[in-house]
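start04.txt (compact mmCIF, C-alpha atoms and all ligand atoms) appears below.
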```txt
# COMPACT_ATOMS: atom_id res chain seq x y z
CA MET A 1 12.81 2.82 -9.32
CA ARG A 2 12.50 3.02 -13.06
CA ARG A 3 11.17 6.39 -14.02
CA LEU A 4 11.26 6.04 -17.79
CA LEU A 5 8.53 3.41 -18.06
CA PRO A 6 5.62 5.44 -16.65
CA PHE A 7 6.67 8.28 -18.95
CA LEU A 8 6.57 6.03 -22.01
CA LEU A 9 3.21 4.65 -20.96
CA LEU A 10 1.92 8.19 -20.64
CA LEU A 11 2.88 8.84 -24.25
CA ALA A 12 1.36 5.55 -25.39
CA ALA A 13 -1.90 6.36 -23.64
CA ALA A 14 -2.16 9.76 -25.27
CA ALA A 15 -5.08 8.73 -27.53
CA PRO A 16 -8.51 9.59 -26.07
CA ALA A 17 -7.74 11.64 -23.01
CA SER A 18 -7.61 9.30 -20.09
CA SER A 19 -6.58 10.02 -16.57
CA LEU A 20 -5.70 6.41 -15.83
CA ILE A 21 -2.07 5.36 -16.00
CA VAL A 22 -1.13 1.70 -15.90
CA GLU A 23 2.38 1.33 -14.50
CA GLN A 24 4.79 -1.58 -14.68
CA PRO A 25 2.49 -4.15 -16.27
CA GLN A 26 4.20 -7.49 -15.71
CA LEU A 27 3.22 -11.10 -16.13
CA ARG A 28 4.73 -14.09 -14.37
CA THR A 29 6.18 -16.76 -16.67
CA THR A 30 4.51 -20.17 -16.42
CA GLN A 31 6.27 -22.94 -14.54
CA GLY A 32 6.21 -26.51 -15.81
CA GLY A 33 2.86 -27.43 -17.31
CA LEU A 34 0.83 -24.96 -15.28
CA LYS A 35 -2.13 -23.46 -17.10
CA THR A 36 -2.42 -20.46 -14.78
CA THR A 37 -0.34 -17.41 -14.03
CA ALA A 38 -0.73 -13.97 -12.51
CA ALA A 39 -0.30 -10.44 -13.82
CA TYR A 40 0.66 -7.40 -11.76
CA PHE A 41 0.46 -3.65 -12.31
CA THR A 42 -0.35 -0.38 -10.63
CA ILE A 43 -3.16 1.89 -11.80
CA ARG A 44 -2.88 5.59 -11.04
CA ASN A 45 -5.81 7.92 -11.42
CA THR A 46 -4.65 11.44 -12.22
CA GLY A 47 -8.17 12.66 -12.94
CA LYS A 48 -10.88 14.30 -10.88
CA ALA A 49 -13.32 11.40 -10.92
CA ALA A 50 -13.12 7.85 -9.65
CA ASP A 51 -13.03 4.99 -12.10
CA VAL A 52 -13.52 1.28 -11.57
CA LEU A 53 -11.55 -1.67 -12.92
CA THR A 54 -14.33 -4.13 -13.58
CA GLY A 55 -12.46 -6.96 -15.28
CA ALA A 56 -9.99 -8.02 -17.93
CA ALA A 57 -9.54 -10.31 -20.89
CA CYS A 58 -6.62 -11.91 -22.70
CA ALA A 59 -6.54 -13.82 -25.97
CA CYS A 60 -3.86 -15.94 -24.28
CA ALA A 61 -6.21 -17.46 -21.71
CA ALA A 62 -9.74 -18.75 -21.19
CA ALA A 63 -10.31 -16.23 -18.41
CA ALA A 64 -8.69 -13.28 -16.68
CA SER A 65 -10.11 -12.42 -13.28
CA LEU A 66 -9.30 -10.17 -10.37
CA HIS A 67 -8.05 -12.11 -7.36
CA GLU A 68 -6.75 -11.31 -3.93
CA SER A 69 -4.38 -13.42 -1.86
CA LYS A 70 -4.74 -13.36 1.89
CA VAL A 71 -2.92 -15.19 4.62
CA VAL A 72 -5.43 -16.86 6.94
CA ASN A 73 -3.99 -18.77 9.90
CA GLY A 74 -0.62 -18.92 8.19
CA ILE A 75 -2.04 -20.35 4.98
CA SER A 76 -2.12 -18.30 1.80
CA ARG A 77 -5.51 -18.40 0.13
CA MET A 78 -6.91 -16.53 -2.80
CA GLY A 79 -10.32 -15.69 -4.04
CA ARG A 80 -12.20 -13.40 -6.35
CA ALA A 81 -11.74 -9.67 -5.83
CA GLY A 82 -12.96 -6.46 -7.35
CA PRO A 83 -14.37 -4.50 -8.93
CA LEU A 84 -11.54 -2.17 -7.90
CA THR A 85 -12.27 1.51 -7.47
CA ILE A 86 -9.41 3.90 -8.19
CA ALA A 87 -10.09 7.15 -6.39
CA PRO A 88 -9.16 10.47 -8.01
CA GLY A 89 -5.52 11.15 -7.20
CA GLY A 90 -5.21 7.62 -5.87
CA GLN A 91 -3.72 4.37 -7.01
CA VAL A 92 -4.33 0.66 -6.71
CA ALA A 93 -1.41 -1.75 -6.77
CA LEU A 94 -1.68 -5.37 -7.81
CA ARG A 95 1.35 -7.24 -6.56
CA PRO A 96 2.45 -10.60 -5.17
CA GLY A 97 0.77 -11.50 -1.89
CA GLY A 98 -2.22 -9.26 -2.55
CA LEU A 99 -4.35 -8.24 -5.46
CA HIS A 100 -3.50 -9.77 -8.81
CA LEU A 101 -4.97 -10.53 -12.18
CA MET A 102 -5.29 -14.29 -12.51
CA LEU A 103 -5.07 -15.84 -15.93
CA THR A 104 -6.59 -19.31 -16.11
CA GLY A 105 -6.83 -21.80 -18.95
CA LEU A 106 -3.68 -20.51 -20.65
CA LYS A 107 -3.55 -21.56 -24.28
CA ARG A 108 0.24 -21.70 -24.33
CA PRO A 109 3.17 -21.29 -21.94
CA ILE A 110 4.28 -17.74 -21.13
CA LYS A 111 8.02 -17.33 -21.69
CA ALA A 112 10.39 -14.78 -20.21
CA GLY A 113 10.81 -11.64 -22.30
CA GLU A 114 7.66 -11.97 -24.35
CA THR A 115 4.96 -9.31 -24.50
CA VAL A 116 1.37 -10.31 -23.83
CA ARG A 117 -1.54 -7.99 -24.55
CA ILE A 118 -4.23 -7.90 -21.90
CA THR A 119 -7.36 -5.77 -22.12
CA LEU A 120 -8.25 -3.99 -18.89
CA LYS A 121 -11.91 -2.98 -18.61
CA PHE A 122 -12.84 0.21 -16.82
CA ALA A 123 -16.31 1.50 -16.05
CA LYS A 124 -15.57 4.97 -17.46
CA ALA A 125 -12.34 4.75 -19.45
CA GLY A 126 -13.60 1.67 -21.31
CA GLU A 127 -11.29 -1.02 -22.61
CA ARG A 128 -7.58 -0.38 -22.42
CA GLU A 129 -5.28 -2.82 -24.19
CA THR A 130 -2.06 -3.00 -22.22
CA ALA A 131 1.24 -4.68 -23.08
CA PHE A 132 2.50 -6.87 -20.24
CA THR A 133 6.12 -8.00 -20.13
CA ALA A 134 6.70 -11.57 -18.97
CA ASN A 135 9.44 -12.38 -16.50
CA ASP A 136 10.22 -14.92 -13.78
CA THR A 137 9.85 -12.48 -10.91
CA ALA A 138 6.92 -10.36 -12.11
CA GLY A 139 5.72 -7.90 -9.54
CA ALA A 140 8.67 -8.32 -7.18
CA GLN A 141 10.22 -4.87 -6.88
CA GLY A 142 12.58 -5.77 -4.06
CA MET A 143 13.48 -8.44 -1.57
CA ASP A 144 10.64 -7.49 0.74
CA THR A 145 8.06 -8.39 -1.88
CA MET A 146 9.60 -11.74 -2.83
CA PRO A 147 6.84 -14.33 -2.72
CA GLY A 148 7.34 -17.05 -0.14
CA MET A 149 9.78 -15.06 1.93
CA HIS A 150 9.42 -15.27 5.69
CA HIS A 151 11.04 -13.30 8.47
CU CU B 1 -5.17 -15.83 -8.08
```
Show me this structure written as structure tokens.
Amino acid sequence: MRRLLPFLLLLAAAAPASSLIVEQPQLRTTQGGLKTTAAYFTIRNTGKAADVLTGAACACAAAASLHESKVVNGISRMGRAGPLTIAPGGQVALRPGGLHLMLTGLKRPIKAGETVRITLKFAKAGERETAFTANDTAGAQGMDTMPGMHH
């Protein structure tokens, strides 16, 4: 695991005291002419009160919405999800095969290595602009989370 990144994010988030930490914000690069992609991250709540991720926005896309993928009868489907409550001392992970932030109506392709700013909207913490790094395997931390992998 990379331990430096959460530390740097902590420093970056030092502005108005917030107990929410967004870890490993990553964005999947677009394939071919697709106008959609997904973003992944983990939110940790180090505070004493719950907060709620209500939505998101990106200048790069027409819409950014919370989605969840589920396998129903062997077929992967996704639909709207959220708002997501992050309990005090808890965390919520958005990763391939589960919760994700869906960007639709992309205004341009997302290329590997670029940084895309996405605003995450919280009920209490307000709007938090977060820098997402684009890569081809966003959200996949290991082989067991590789999308499309079957045992
Ligand atoms: Cu989706």
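Atom CA of Ala49 of chain A sits 11.5 Å away from atom CA of Ala123 of chain A.
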Enclose the full set of atoms of segment 22-34 of chain A listed in the file within a box whose edges lie along x, y and z, apply 4 Å of padding to each of the six sides, and report centre and edge lengths in Å to one decimal as AutoDock Vina command-line options.
```
--center_x 2.6 --center_y -12.9 --center_z -15.8 --size_x 15.4 --size_y 37.1 --size_z 10.9
```
Could you list the protein, DNA and RNA residues that have any atom within 9 Å of ligand CU 1 (chain B), counting only C-alpha atoms and all ligand atoms, and write them as a list in words? Thr36, Thr37, Ala38, Ser65, Leu66, His67, Glu68, Ser69, Arg77, Met78, Gly79, Arg80, Leu99, His100, Leu101, Met102, Leu103 and Thr104 of chain A
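Here atom CA of Ala138 of chain A is placed at a distance of 21.3 Å from atom CA of Leu20 of chain A.
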Which residue is closest to Leu53 of chain A? Choose from A:Pro96, A:Gly32, A:Gly105, A:Gly82 and count all atoms listed in the file. A:Gly82
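The nearest approach to Ala131 of chain A among the residues A:Gly74, A:Gly33, A:Gly113, A:Gly98, with only C-alpha atoms taken into account, belongs to A:Gly113.
Of the listed residues A:Lys111, A:Arg95, A:Ala81, A:Arg128, the one whose atoms come nearest to Ala39 of chain A is A:Arg95, with distances taken using only C-alpha atoms.
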In Å to one decimal, how far is atom CA of Ala64 of chain A from atom CA of Phe122 of chain A? 14.1 Å
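In terms of minimum interatomic distance to Thr85 of chain A, A:Ala50 ranks closest within A:Val22, A:Val71, A:Cys60, A:Ala50, counting only C-alpha atoms.
Using only C-alpha atoms, the smallest distance between any of A:Ser18, A:Ala125, A:Gly90, A:Arg28 and Ala112 of chain A comes from A:Arg28.
Of the listed residues (A:Thr54, A:Ser19, A:Thr133, A:Ser76), A:Thr133 comes nearest to Phe41 of chain A; the distances count all atoms listed in the file.
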Give me the residues within 9 Å of Leu120 of chain A as a ChimeraX atom specification, counting all atoms listed in the file and dropping any in the same chain fewer than 3 places off. /A:53-58,126-130
